[in-house]
file protein.cif (mmCIF, C-alpha atoms)
data_coords
loop_
_atom_site.label_atom_id
_atom_site.label_comp_id
_atom_site.auth_asym_id
_atom_site.auth_seq_id
_atom_site.Cartn_x
_atom_site.Cartn_y
_atom_site.Cartn_z
CA MET A 1 -311.46 17.40 -8.43
CA ASN A 2 -309.22 14.35 -8.93
CA ASN A 3 -309.33 14.87 -12.68
CA THR A 4 -308.15 18.47 -12.23
CA ILE A 5 -305.28 17.41 -9.98
CA SER A 6 -304.35 14.63 -12.38
CA GLY A 7 -304.43 17.06 -15.31
CA ASN A 8 -302.20 19.55 -13.48
CA ASN A 9 -299.77 16.80 -12.54
CA HIS A 10 -299.60 15.71 -16.17
CA ALA A 11 -298.97 19.30 -17.26
CA VAL A 12 -296.20 19.73 -14.68
CA VAL A 13 -294.48 16.52 -15.77
CA LEU A 14 -294.80 17.42 -19.44
CA ALA A 15 -293.49 20.93 -18.76
CA GLY A 16 -290.47 19.49 -16.97
CA MET A 17 -289.73 17.14 -19.83
CA CYS A 18 -290.08 19.88 -22.44
CA THR A 19 -287.87 22.24 -20.43
CA ALA A 20 -285.18 19.58 -20.07
CA LEU A 21 -285.31 18.78 -23.80
CA ALA A 22 -285.06 22.45 -24.80
CA VAL A 23 -282.11 23.03 -22.44
CA VAL A 24 -280.32 19.95 -23.82
CA LEU A 25 -280.87 21.25 -27.36
CA SER A 26 -279.47 24.66 -26.40
CA LEU A 27 -276.43 22.96 -24.84
CA ILE A 28 -275.81 20.99 -28.03
CA GLY A 29 -276.27 24.09 -30.17
CA LEU A 30 -273.86 26.25 -28.20
CA TYR A 31 -271.16 23.61 -27.71
CA MET A 32 -271.36 22.08 -31.21
CA PRO A 33 -271.37 25.00 -33.69
CA LEU A 34 -271.56 22.72 -36.74
CA LEU A 35 -274.98 21.51 -35.57
CA SER A 36 -276.19 24.79 -34.10
CA THR A 37 -278.28 25.95 -37.08
CA VAL A 38 -280.50 22.87 -37.07
CA VAL A 39 -280.46 22.33 -33.29
CA PHE A 40 -281.55 25.88 -32.46
CA LEU A 41 -284.45 25.54 -34.88
CA LEU A 42 -285.59 22.47 -32.90
CA ILE A 43 -285.77 24.40 -29.60
CA PRO A 44 -289.23 25.88 -30.33
CA LEU A 45 -290.75 22.42 -30.89
CA PRO A 46 -291.04 21.18 -27.27
CA ILE A 47 -292.37 24.62 -26.30
CA ALA A 48 -294.91 24.53 -29.14
CA TYR A 49 -295.91 20.98 -28.27
CA LEU A 50 -296.58 21.94 -24.65
CA GLY A 51 -298.56 25.01 -25.69
CA MET A 52 -300.57 22.93 -28.13
CA LYS A 53 -301.39 20.29 -25.52
CA GLU A 54 -301.66 22.27 -22.26
CA GLY A 55 -302.12 25.93 -23.18
CA VAL A 56 -300.07 29.07 -23.61
CA LYS A 57 -299.35 29.63 -19.91
CA TRP A 58 -297.38 26.39 -19.73
CA SER A 59 -295.30 27.23 -22.81
CA VAL A 60 -294.50 30.62 -21.24
CA VAL A 61 -293.50 28.86 -17.99
CA VAL A 62 -291.17 26.56 -19.92
CA THR A 63 -289.61 29.52 -21.76
CA ILE A 64 -288.91 31.23 -18.43
CA GLY A 65 -287.46 27.98 -17.09
CA ILE A 66 -285.16 27.71 -20.11
CA LEU A 67 -284.02 31.30 -19.56
CA ILE A 68 -283.13 30.59 -15.93
CA LEU A 69 -281.35 27.30 -16.61
CA ASP A 70 -279.49 28.53 -19.69
CA SER A 71 -278.37 31.61 -17.77
CA SER A 72 -276.64 29.37 -15.23
CA PHE A 73 -274.81 27.54 -18.03
CA PHE A 74 -274.00 30.29 -20.54
CA GLY A 75 -274.72 33.64 -18.92
CA ILE A 76 -277.66 35.94 -19.43
CA VAL A 77 -276.62 37.21 -22.88
CA SER A 78 -276.65 33.82 -24.63
CA ALA A 79 -279.70 32.69 -22.67
CA ALA A 80 -281.61 35.84 -23.54
CA PHE A 81 -280.76 35.35 -27.21
CA LEU A 82 -282.08 31.78 -27.21
CA CYS A 83 -285.24 32.57 -25.27
CA ALA A 84 -286.02 35.86 -26.99
CA ILE A 85 -285.96 34.31 -30.44
CA PHE A 86 -286.57 30.59 -30.26
CA GLY A 87 -288.58 30.61 -27.03
CA VAL A 88 -291.14 33.15 -28.21
CA LEU A 89 -291.25 31.39 -31.57
CA GLY A 90 -292.26 28.19 -29.80
CA VAL A 91 -294.91 30.03 -27.75
CA VAL A 92 -296.49 31.54 -30.87
CA MET A 93 -296.41 28.24 -32.75
CA GLY A 94 -298.08 26.48 -29.82
CA VAL A 95 -300.85 29.08 -29.60
CA CYS A 96 -301.53 28.95 -33.33
CA TYR A 97 -301.51 25.14 -33.42
CA ARG A 98 -303.86 24.97 -30.44
CA LEU A 99 -306.28 27.43 -32.08
CA LYS A 100 -305.99 25.69 -35.49
CA VAL A 101 -304.78 28.87 -37.19
CA SER A 102 -303.88 28.40 -40.85
CA ALA A 103 -300.25 27.70 -41.71
CA THR A 104 -299.88 30.99 -43.60
CA LYS A 105 -301.23 33.06 -40.70
CA THR A 106 -299.06 31.08 -38.28
CA LEU A 107 -295.99 31.86 -40.38
CA ILE A 108 -296.86 35.56 -40.48
CA ALA A 109 -297.54 35.75 -36.72
CA ALA A 110 -294.35 33.84 -35.89
CA SER A 111 -292.27 35.99 -38.24
CA ILE A 112 -293.57 39.21 -36.70
CA VAL A 113 -292.77 38.03 -33.17
CA VAL A 114 -289.31 36.78 -34.16
CA LEU A 115 -288.65 40.07 -35.95
CA TRP A 116 -289.41 42.01 -32.77
CA ALA A 117 -287.22 39.61 -30.79
CA LEU A 118 -284.32 40.09 -33.22
CA LEU A 119 -284.62 43.86 -33.04
CA ALA A 120 -284.80 43.80 -29.25
CA GLU A 121 -281.78 41.50 -29.09
CA ALA A 122 -279.78 43.72 -31.46
CA ALA A 123 -280.76 46.87 -29.55
CA ALA A 124 -279.75 45.31 -26.24
CA THR A 125 -276.43 44.14 -27.66
CA LEU A 126 -275.65 47.53 -29.17
CA TYR A 127 -276.94 49.98 -26.58
CA LEU A 128 -276.90 48.14 -23.27
CA LEU A 129 -273.73 46.07 -23.67
CA GLY A 130 -271.89 48.33 -26.10
CA LEU A 131 -271.13 45.42 -28.43
CA PRO A 132 -271.21 45.79 -32.24
CA THR A 133 -273.99 44.11 -34.18
CA LEU A 134 -274.37 43.37 -37.88
CA LEU A 135 -278.10 44.07 -37.74
CA PHE A 136 -277.63 47.81 -37.38
CA GLY A 137 -274.47 48.05 -39.50
CA GLY A 138 -271.97 50.55 -38.10
CA GLU A 139 -269.02 49.10 -36.20
CA GLY A 140 -270.09 45.50 -36.74
CA MET A 141 -270.18 45.96 -40.51
CA SER A 142 -266.85 47.80 -40.45
CA GLU A 143 -265.22 44.89 -38.60
CA LEU A 144 -266.62 42.46 -41.17
CA LYS A 145 -265.23 44.63 -43.99
CA GLU A 146 -261.78 44.83 -42.37
CA ALA A 147 -261.70 41.06 -41.84
CA MET A 148 -262.59 40.39 -45.48
CA MET A 149 -260.09 42.96 -46.77
CA SER A 150 -257.27 41.54 -44.64
CA THR A 151 -257.70 38.06 -46.15
CA LEU A 152 -257.72 39.15 -49.80
CA PRO A 153 -253.92 39.62 -50.19
CA SER A 154 -253.50 35.93 -49.33
CA PHE A 155 -255.38 34.99 -52.49
CA TYR A 156 -254.92 37.88 -54.93
CA SER A 157 -252.26 40.35 -56.05
CA GLY A 158 -251.91 43.26 -58.46
CA GLU A 159 -254.95 44.04 -60.61
CA ALA A 160 -256.82 40.97 -59.35
CA LEU A 161 -256.47 42.25 -55.78
CA SER A 162 -257.85 45.66 -56.73
CA GLN A 163 -260.86 44.05 -58.44
CA ALA A 164 -261.47 41.79 -55.43
CA GLN A 165 -261.32 44.78 -53.05
CA GLU A 166 -263.76 46.68 -55.24
CA LYS A 167 -266.17 43.75 -55.16
CA VAL A 168 -265.91 43.56 -51.37
CA GLU A 169 -266.68 47.29 -51.17
CA MET A 170 -269.77 46.78 -53.32
CA LEU A 171 -270.84 43.75 -51.27
CA ILE A 172 -270.53 45.58 -47.95
CA THR A 173 -272.40 48.60 -49.35
CA ALA A 174 -275.21 46.35 -50.57
CA MET A 175 -275.34 44.58 -47.18
CA GLU A 176 -275.53 47.90 -45.34
CA LYS A 177 -278.32 49.15 -47.59
CA SER A 178 -280.33 45.93 -47.33
CA VAL A 179 -280.22 45.52 -43.53
CA PRO A 180 -284.03 45.97 -43.08
CA PHE A 181 -284.78 43.30 -45.68
CA THR A 182 -282.17 40.97 -44.18
CA ILE A 183 -283.68 41.20 -40.69
CA ILE A 184 -287.17 40.44 -42.00
CA ALA A 185 -285.85 37.58 -44.17
CA VAL A 186 -284.06 36.03 -41.17
CA ALA A 187 -287.26 36.25 -39.08
CA VAL A 188 -289.28 34.55 -41.83
CA PHE A 189 -286.60 31.89 -42.33
CA TYR A 190 -286.44 31.00 -38.63
CA SER A 191 -290.24 30.70 -38.52
CA TRP A 192 -290.53 28.71 -41.74
CA ALA A 193 -287.67 26.35 -40.84
CA SER A 194 -289.02 25.61 -37.35
CA MET A 195 -292.53 25.05 -38.72
CA THR A 196 -291.16 22.72 -41.40
CA LEU A 197 -289.11 20.73 -38.89
CA GLY A 198 -292.09 20.73 -36.50
CA SER A 199 -294.38 19.39 -39.20
CA PHE A 200 -291.98 16.49 -39.79
CA VAL A 201 -291.40 15.74 -36.08
CA PHE A 202 -295.05 16.01 -35.05
CA ARG A 203 -296.09 13.79 -37.95
CA LYS A 204 -293.65 11.14 -36.70
CA MET A 205 -295.31 11.49 -33.28
CA GLY A 206 -298.72 10.83 -34.84
CA ILE A 207 -299.90 14.46 -34.63
CA THR A 208 -301.40 15.26 -38.01
CA ASP A 209 -304.07 17.83 -37.17
CA ILE A 210 -301.80 20.88 -37.24
CA PRO A 211 -301.75 23.27 -40.24
CA HIS A 212 -299.09 22.44 -42.81
CA LEU A 213 -297.51 24.72 -45.36
CA PRO A 214 -298.18 23.66 -48.97
CA PRO A 215 -295.63 21.53 -50.85
CA PHE A 216 -292.72 23.52 -52.27
CA GLU A 217 -293.92 23.14 -55.85
CA LYS A 218 -297.23 24.81 -54.90
CA TRP A 219 -295.79 27.99 -53.43
CA TYR A 220 -297.57 31.00 -54.92
CA PHE A 221 -296.90 34.57 -53.85
CA PRO A 222 -299.45 37.38 -54.28
CA LYS A 223 -299.62 38.81 -57.80
CA PRO A 224 -299.58 42.44 -56.51
CA VAL A 225 -295.85 41.92 -55.79
CA VAL A 226 -295.39 42.52 -59.55
CA TYR A 227 -297.12 45.90 -59.27
CA VAL A 228 -295.01 46.80 -56.23
CA TYR A 229 -291.87 45.99 -58.21
CA ILE A 230 -293.03 48.16 -61.12
CA ALA A 231 -293.64 50.99 -58.64
CA VAL A 232 -290.14 50.44 -57.20
CA LEU A 233 -288.55 50.70 -60.66
CA ALA A 234 -290.48 53.89 -61.40
CA SER A 235 -289.56 55.35 -58.00
CA GLU A 236 -285.86 54.58 -58.47
CA PHE A 237 -285.97 56.46 -61.77
CA PHE A 238 -287.72 59.58 -60.43
CA LEU A 239 -286.38 59.65 -56.84
CA LYS A 240 -282.64 59.16 -57.23
CA ASP A 241 -280.41 60.04 -54.25
CA ASN A 242 -283.35 60.92 -52.04
CA GLY A 243 -281.92 59.75 -48.72
CA THR A 244 -284.30 57.75 -46.56
CA ILE A 245 -286.90 57.31 -49.31
CA SER A 246 -284.31 55.78 -51.65
CA TYR A 247 -283.17 53.51 -48.80
CA ILE A 248 -286.73 52.24 -48.29
CA ILE A 249 -287.32 51.82 -52.02
CA TYR A 250 -284.07 49.86 -52.37
CA ASN A 251 -285.18 47.38 -49.70
CA PHE A 252 -288.57 46.98 -51.35
CA GLY A 253 -286.76 46.19 -54.58
CA VAL A 254 -284.53 43.60 -52.90
CA ALA A 255 -287.59 42.02 -51.24
CA CYS A 256 -289.49 41.81 -54.55
CA THR A 257 -286.50 40.26 -56.31
CA PHE A 258 -286.12 37.70 -53.53
CA ILE A 259 -289.83 36.80 -53.76
CA PHE A 260 -289.51 36.38 -57.54
CA TRP A 261 -286.53 34.08 -56.92
CA LEU A 262 -288.55 31.97 -54.46
CA GLN A 263 -291.41 31.75 -56.94
CA GLY A 264 -288.87 30.87 -59.61
CA ILE A 265 -287.27 27.97 -57.73
CA SER A 266 -290.76 26.75 -56.82
CA THR A 267 -291.58 26.79 -60.53
CA VAL A 268 -288.34 24.92 -61.31
CA TRP A 269 -289.36 22.29 -58.76
CA TRP A 270 -292.77 22.00 -60.48
CA LEU A 271 -291.48 21.88 -64.08
CA PRO A 272 -291.03 18.05 -64.25
CA HIS A 273 -294.84 17.80 -64.32
CA LYS A 274 -294.65 19.21 -67.83
CA TYR A 275 -291.02 18.51 -68.76
CA PRO A 276 -289.95 15.25 -67.06
CA PHE A 277 -286.35 15.52 -68.29
CA ILE A 278 -285.80 18.44 -65.88
CA ARG A 279 -286.35 16.30 -62.77
CA PRO A 280 -282.69 15.23 -62.30
CA LEU A 281 -281.52 18.79 -63.07
CA ARG A 282 -283.74 20.87 -60.80
CA VAL A 283 -281.56 20.54 -57.67
CA ILE A 284 -278.52 21.63 -59.70
CA ILE A 285 -280.41 24.58 -61.19
CA ILE A 286 -281.60 25.77 -57.79
CA PHE A 287 -278.12 25.37 -56.29
CA LEU A 288 -276.47 27.29 -59.12
CA SER A 289 -279.11 30.04 -58.89
CA VAL A 290 -277.70 30.91 -55.45
CA PHE A 291 -274.12 31.42 -56.69
CA VAL A 292 -274.20 32.05 -60.47
CA ALA A 293 -275.57 35.48 -61.38
CA ILE A 294 -276.84 34.63 -64.87
CA ILE A 295 -278.74 31.56 -63.65
CA GLN A 296 -280.11 33.56 -60.74
CA MET A 297 -281.43 36.16 -63.19
CA VAL A 298 -283.10 33.44 -65.28
CA VAL A 299 -284.79 31.94 -62.18
CA VAL A 300 -285.91 35.40 -61.00
CA PHE A 301 -287.41 36.12 -64.43
CA LEU A 302 -289.08 32.70 -64.41
CA GLY A 303 -290.69 33.49 -61.06
CA LEU A 304 -291.78 36.93 -62.26
CA ALA A 305 -293.30 35.46 -65.41
CA ASP A 306 -295.10 32.70 -63.48
CA MET A 307 -296.47 35.24 -60.99
CA ALA A 308 -297.63 37.63 -63.70
CA THR A 309 -299.25 34.98 -65.94
CA GLU A 310 -300.23 32.41 -63.25
CA TYR A 311 -298.86 29.80 -65.63
CA ARG A 312 -298.74 26.89 -63.15
CA LYS A 313 -302.28 27.52 -61.97
CA ARG A 314 -303.55 27.70 -65.54
CA TRP A 315 -301.73 24.50 -66.50
CA ALA A 316 -303.10 22.68 -63.45
CA GLY A 317 -306.61 23.80 -64.34
CA LYS A 318 -306.48 22.21 -67.77
#
call {"tool": "encode", "arguments": {"input": "protein.cif", "output": "structure tokens"}}
result
Amino acid sequence: MNNTISGNNHAVVLAGMCTALAVVLSLIGLYMPLLSTVVFLLIPLPIAYLGMKEGVKWSVVVTIGILILDSSFFGIVSAAFLCAIFGVLGVVMGVCYRLKVSATKTLIAASIVVLWALLAEAAATLYLLGLPTLLFGGEGMSELKEAMMSTLPSFYSGEALSQAQEKVEMLITAMEKSVPFTIIAVAVFYSWASMTLGSFVFRKMGITDIPHLPPFEKWYFPKPVVYVYIAVLASEFFLKDNGTISYIIYNFGVACTFIFWLQGISTVWWLPHKYPFIRPLRVIIIFLSVFVAIIQMVVVFLGLADMATEYRKRWAGK
């Protein structure tokens, strides 16, 4: 009986501490925009820690507590955004860590939940509050286009201005067409980033028995992605201008290309094992692959080739 009371008291104290920490992090994130990206990704960690130690019900209680407290500081819209995305992410991470679920399955589960939270948040913003959102394109994307177009005359004129405007048109069109992929990519990024930060923080706390994602140089994506990409290329050839189907195929193509790029930069990070002279250059190569089209194409092809031939795995098996 005493042990039960003592355990509940410990859980209550820990829940209070985790709630306070999460609220402080949300305050920092909302009032210091330069730090918000990293700080928001830390919010799931106290929730996950509590769920890992005390069970899912306590992590849910903390998430509700954060919603109530943040609402008093920022209003329900900002609070709902924080809790819907980062709160549920922390709950899922805590459950998976407590059950010793593999890191890959944890990432998938967390990404699915965050994806649903993002969609719910976007739907609420668009339909309940009448505010534009970039997730569903429409007015939000139009405002972004107008803002970009209005700044171009400050930097370009004449023929250069026309070319810049054409590029903006192409960029906005590509963004509108790739909205489904973008939403999924954001959900995966939030989950991966929080898990990576959590792995570092929990290790510093002496917690080493949680699943960890493999080192970056050992990232391998499923080989069937190559076959999906081949199917996408064939479909784009035979199903041109086919409305919704073309829209879906386009997003599959973008997703495959992005996966090849990830496999490519993972391969670049691994290359010093065979070519040591590349070690000081790999950060530069990866950085340039984000902004320079030709280098990006080379890295994408490198990832495709590594996935198709399993070169790194074969080399490691020698």
call {"tool": "closest_residue", "arguments": {"input": "protein.cif", "among": "A:Pro222, A:Gly65, A:Pro180, A:Gly94", "to": "Ala80 of chain A", "atoms": "only C-alpha atoms"}}
result
A:Gly65
call {"tool": "residues_around", "arguments": {"input": "protein.cif", "residues": "segment 182-190 of chain A", "least_positions_apart": "3", "cutoff": "7 Å", "atoms": "all atoms listed in the file", "output": "number ranges by chain"}}
result
A: 41, 111, 114-115, 135, 178-179, 193-194
call {"tool": "residues_around", "arguments": {"input": "protein.cif", "residues": "Lys218 of chain A", "least_positions_apart": "5", "cutoff": "10 Å", "atoms": "all atoms listed in the file", "output": "ChimeraX atom specification"}}
result
/A:213,263,266-267,269-270,312-313
call {"tool": "residues_near_point", "arguments": {"input": "protein.cif", "point": "(-287.1, 37.6, -59.3)", "cutoff": "12 Å", "atoms": "only C-alpha atoms", "output": "ChimeraX atom specification"}}
result
/A:221,225-226,229,253-267,289,293,295-308
call {"tool": "atom_distance", "arguments": {"input": "protein.cif", "atom1": "atom CA of Cys18 of chain A", "atom2": "atom CA of Leu119 of chain A"}}
result
26.8 Å
call {"tool": "residues_around", "arguments": {"input": "protein.cif", "residues": "segment 28-33 of chain A", "least_positions_apart": "6", "cutoff": "12 Å", "atoms": "only C-alpha atoms", "output": "list of chain:residue names"}}
result
A:Leu21, A:Ala22, A:Val39, A:Phe40, A:Leu41, A:Leu42, A:Ile43, A:Asp70, A:Phe73, A:Phe74, A:Gly75, A:Ser78, A:Ala79, A:Phe81, A:Leu82
call {"tool": "closest_residue", "arguments": {"input": "protein.cif", "among": "A:Leu67, A:Leu281, A:Gly243, A:Leu288", "to": "Ser26 of chain A", "atoms": "only C-alpha atoms"}}
result
A:Leu67
call {"tool": "closest_residue", "arguments": {"input": "protein.cif", "among": "A:Met52, A:Ala234, A:Leu14, A:Val201", "to": "Val101 of chain A", "atoms": "all atoms listed in the file"}}
result
A:Met52
call {"tool": "atom_distance", "arguments": {"input": "protein.cif", "atom1": "atom CA of Ile245 of chain A", "atom2": "atom CA of Ala174 of chain A"}}
result
16.1 Å
call {"tool": "closest_residue", "arguments": {"input": "protein.cif", "among": "A:Ile112, A:Ile249, A:Val268, A:Met93", "to": "Ile230 of chain A", "atoms": "all atoms listed in the file"}}
result
A:Ile249
call {"tool": "resolve_selection", "arguments": {"input": "protein.cif", "expression": "the PyMOL selection byres ((chain A and resi 199) around 12)", "output": "PDB file with C-alpha atoms, in the frame of the given file"}}
result
ATOM      1  CA  LEU A  42    -285.590  22.470 -32.900  1.00  0.00           C
ATOM      2  CA  LEU A  45    -290.750  22.420 -30.890  1.00  0.00           C
ATOM      3  CA  ALA A  48    -294.910  24.530 -29.140  1.00  0.00           C
ATOM      4  CA  TYR A  49    -295.910  20.980 -28.270  1.00  0.00           C
ATOM      5  CA  MET A  93    -296.410  28.240 -32.750  1.00  0.00           C
ATOM      6  CA  TYR A  97    -301.510  25.140 -33.420  1.00  0.00           C
ATOM      7  CA  ALA A 103    -300.250  27.700 -41.710  1.00  0.00           C
ATOM      8  CA  TRP A 192    -290.530  28.710 -41.740  1.00  0.00           C
ATOM      9  CA  ALA A 193    -287.670  26.350 -40.840  1.00  0.00           C
ATOM     10  CA  SER A 194    -289.020  25.610 -37.350  1.00  0.00           C
ATOM     11  CA  MET A 195    -292.530  25.050 -38.720  1.00  0.00           C
ATOM     12  CA  THR A 196    -291.160  22.720 -41.400  1.00  0.00           C
ATOM     13  CA  LEU A 197    -289.110  20.730 -38.890  1.00  0.00           C
ATOM     14  CA  GLY A 198    -292.090  20.730 -36.500  1.00  0.00           C
ATOM     15  CA  PHE A 200    -291.980  16.490 -39.790  1.00  0.00           C
ATOM     16  CA  VAL A 201    -291.400  15.740 -36.080  1.00  0.00           C
ATOM     17  CA  PHE A 202    -295.050  16.010 -35.050  1.00  0.00           C
ATOM     18  CA  ARG A 203    -296.090  13.790 -37.950  1.00  0.00           C
ATOM     19  CA  LYS A 204    -293.650  11.140 -36.700  1.00  0.00           C
ATOM     20  CA  MET A 205    -295.310  11.490 -33.280  1.00  0.00           C
ATOM     21  CA  GLY A 206    -298.720  10.830 -34.840  1.00  0.00           C
ATOM     22  CA  ILE A 207    -299.900  14.460 -34.630  1.00  0.00           C
ATOM     23  CA  THR A 208    -301.400  15.260 -38.010  1.00  0.00           C
ATOM     24  CA  ASP A 209    -304.070  17.830 -37.170  1.00  0.00           C
ATOM     25  CA  ILE A 210    -301.800  20.880 -37.240  1.00  0.00           C
ATOM     26  CA  PRO A 211    -301.750  23.270 -40.240  1.00  0.00           C
ATOM     27  CA  HIS A 212    -299.090  22.440 -42.810  1.00  0.00           C
ATOM     28  CA  LEU A 213    -297.510  24.720 -45.360  1.00  0.00           C
ATOM     29  CA  PRO A 214    -298.180  23.660 -48.970  1.00  0.00           C
ATOM     30  CA  PRO A 215    -295.630  21.530 -50.850  1.00  0.00           C
TER      31      PRO A 215
END
call {"tool": "resolve_selection", "arguments": {"input": "protein.cif", "expression": "the PyMOL selection byres ((chain A and resi 95) around 12)", "output": "VMD selection string"}}
result
chain A and resid 47 to 60 88 to 94 96 to 102 105 to 106 109 to 110 210
call {"tool": "write_last_selection", "arguments": {"input": "protein.cif", "atoms": "C-alpha atoms", "output": "PDB file, keeping the file's coordinate frame"}}
result
ATOM      1  CA  ILE A  47    -292.370  24.620 -26.300  1.00  0.00           C
ATOM      2  CA  ALA A  48    -294.910  24.530 -29.140  1.00  0.00           C
ATOM      3  CA  TYR A  49    -295.910  20.980 -28.270  1.00  0.00           C
ATOM      4  CA  LEU A  50    -296.580  21.940 -24.650  1.00  0.00           C
ATOM      5  CA  GLY A  51    -298.560  25.010 -25.690  1.00  0.00           C
ATOM      6  CA  MET A  52    -300.570  22.930 -28.130  1.00  0.00           C
ATOM      7  CA  LYS A  53    -301.390  20.290 -25.520  1.00  0.00           C
ATOM      8  CA  GLU A  54    -301.660  22.270 -22.260  1.00  0.00           C
ATOM      9  CA  GLY A  55    -302.120  25.930 -23.180  1.00  0.00           C
ATOM     10  CA  VAL A  56    -300.070  29.070 -23.610  1.00  0.00           C
ATOM     11  CA  LYS A  57    -299.350  29.630 -19.910  1.00  0.00           C
ATOM     12  CA  TRP A  58    -297.380  26.390 -19.730  1.00  0.00           C
ATOM     13  CA  SER A  59    -295.300  27.230 -22.810  1.00  0.00           C
ATOM     14  CA  VAL A  60    -294.500  30.620 -21.240  1.00  0.00           C
ATOM     15  CA  VAL A  88    -291.140  33.150 -28.210  1.00  0.00           C
ATOM     16  CA  LEU A  89    -291.250  31.390 -31.570  1.00  0.00           C
ATOM     17  CA  GLY A  90    -292.260  28.190 -29.800  1.00  0.00           C
ATOM     18  CA  VAL A  91    -294.910  30.030 -27.750  1.00  0.00           C
ATOM     19  CA  VAL A  92    -296.490  31.540 -30.870  1.00  0.00           C
ATOM     20  CA  MET A  93    -296.410  28.240 -32.750  1.00  0.00           C
ATOM     21  CA  GLY A  94    -298.080  26.480 -29.820  1.00  0.00           C
ATOM     22  CA  CYS A  96    -301.530  28.950 -33.330  1.00  0.00           C
ATOM     23  CA  TYR A  97    -301.510  25.140 -33.420  1.00  0.00           C
ATOM     24  CA  ARG A  98    -303.860  24.970 -30.440  1.00  0.00           C
ATOM     25  CA  LEU A  99    -306.280  27.430 -32.080  1.00  0.00           C
ATOM     26  CA  LYS A 100    -305.990  25.690 -35.490  1.00  0.00           C
ATOM     27  CA  VAL A 101    -304.780  28.870 -37.190  1.00  0.00           C
ATOM     28  CA  SER A 102    -303.880  28.400 -40.850  1.00  0.00           C
ATOM     29  CA  LYS A 105    -301.230  33.060 -40.700  1.00  0.00           C
ATOM     30  CA  THR A 106    -299.060  31.080 -38.280  1.00  0.00           C
ATOM     31  CA  ALA A 109    -297.540  35.750 -36.720  1.00  0.00           C
ATOM     32  CA  ALA A 110    -294.350  33.840 -35.890  1.00  0.00           C
ATOM     33  CA  ILE A 210    -301.800  20.880 -37.240  1.00  0.00           C
TER      34      ILE A 210
END
call {"tool": "closest_residue", "arguments": {"input": "protein.cif", "among": "A:Leu171, A:Leu233, A:Leu25, A:Ile278", "to": "Ser246 of chain A", "atoms": "all atoms listed in the file"}}
result
A:Leu233
call {"tool": "atom_distance", "arguments": {"input": "protein.cif", "atom1": "atom CA of Ile108 of chain A", "atom2": "atom CA of Phe216 of chain A"}}
result
17.4 Å
call {"tool": "axis_aligned_box", "arguments": {"input": "protein.cif", "around": "segment 98-110 of chain A", "padding_each_side": "8 Å", "output": "AutoDock Vina command-line options"}}
result
--center_x -300.3 --center_y 30.4 --center_z -37.0 --size_x 27.9 --size_y 26.8 --size_z 29.2
call {"tool": "decode", "arguments": {"input": "protein.cif", "residues": "segment 106-118 of chain A", "atoms": "N, CA and C atoms", "output": "PDB file, in the first residue's frame"}}
result
ATOM      1  N   THR A 106       9.439   2.784 -34.423  1.00  0.00           N
ATOM      2  CA  THR A 106       9.117   3.995 -33.656  1.00  0.00           C
ATOM      3  C   THR A 106       9.034   5.199 -34.569  1.00  0.00           C
ATOM      4  N   LEU A 107       9.983   5.324 -35.495  1.00  0.00           N
ATOM      5  CA  LEU A 107       9.989   6.430 -36.440  1.00  0.00           C
ATOM      6  C   LEU A 107       8.739   6.401 -37.321  1.00  0.00           C
ATOM      7  N   ILE A 108       8.367   5.217 -37.776  1.00  0.00           N
ATOM      8  CA  ILE A 108       7.183   5.097 -38.635  1.00  0.00           C
ATOM      9  C   ILE A 108       5.924   5.468 -37.858  1.00  0.00           C
ATOM     10  N   ALA A 109       5.788   4.925 -36.632  1.00  0.00           N
ATOM     11  CA  ALA A 109       4.602   5.214 -35.816  1.00  0.00           C
ATOM     12  C   ALA A 109       4.521   6.704 -35.494  1.00  0.00           C
ATOM     13  N   ALA A 110       5.648   7.292 -35.109  1.00  0.00           N
ATOM     14  CA  ALA A 110       5.663   8.715 -34.775  1.00  0.00           C
ATOM     15  C   ALA A 110       5.326   9.569 -35.993  1.00  0.00           C
ATOM     16  N   SER A 111       5.854   9.197 -37.153  1.00  0.00           N
ATOM     17  CA  SER A 111       5.601   9.969 -38.368  1.00  0.00           C
ATOM     18  C   SER A 111       4.129   9.923 -38.758  1.00  0.00           C
ATOM     19  N   ILE A 112       3.510   8.759 -38.599  1.00  0.00           N
ATOM     20  CA  ILE A 112       2.086   8.632 -38.935  1.00  0.00           C
ATOM     21  C   ILE A 112       1.240   9.518 -38.026  1.00  0.00           C
ATOM     22  N   VAL A 113       1.538   9.495 -36.734  1.00  0.00           N
ATOM     23  CA  VAL A 113       0.771  10.300 -35.786  1.00  0.00           C
ATOM     24  C   VAL A 113       0.987  11.791 -36.040  1.00  0.00           C
ATOM     25  N   VAL A 114       2.227  12.196 -36.284  1.00  0.00           N
ATOM     26  CA  VAL A 114       2.508  13.606 -36.567  1.00  0.00           C
ATOM     27  C   VAL A 114       1.837  14.036 -37.872  1.00  0.00           C
ATOM     28  N   LEU A 115       1.811  13.140 -38.854  1.00  0.00           N
ATOM     29  CA  LEU A 115       1.149  13.448 -40.120  1.00  0.00           C
ATOM     30  C   LEU A 115      -0.330  13.748 -39.898  1.00  0.00           C
ATOM     31  N   TRP A 116      -0.998  12.905 -39.110  1.00  0.00           N
ATOM     32  CA  TRP A 116      -2.404  13.142 -38.801  1.00  0.00           C
ATOM     33  C   TRP A 116      -2.584  14.456 -38.034  1.00  0.00           C
ATOM     34  N   ALA A 117      -1.658  14.741 -37.130  1.00  0.00           N
ATOM     35  CA  ALA A 117      -1.740  15.989 -36.363  1.00  0.00           C
ATOM     36  C   ALA A 117      -1.571  17.206 -37.272  1.00  0.00           C
ATOM     37  N   LEU A 118      -0.637  17.124 -38.229  1.00  0.00           N
ATOM     38  CA  LEU A 118      -0.436  18.221 -39.169  1.00  0.00           C
ATOM     39  C   LEU A 118      -1.675  18.458 -40.030  1.00  0.00           C
TER      40      LEU A 118
END
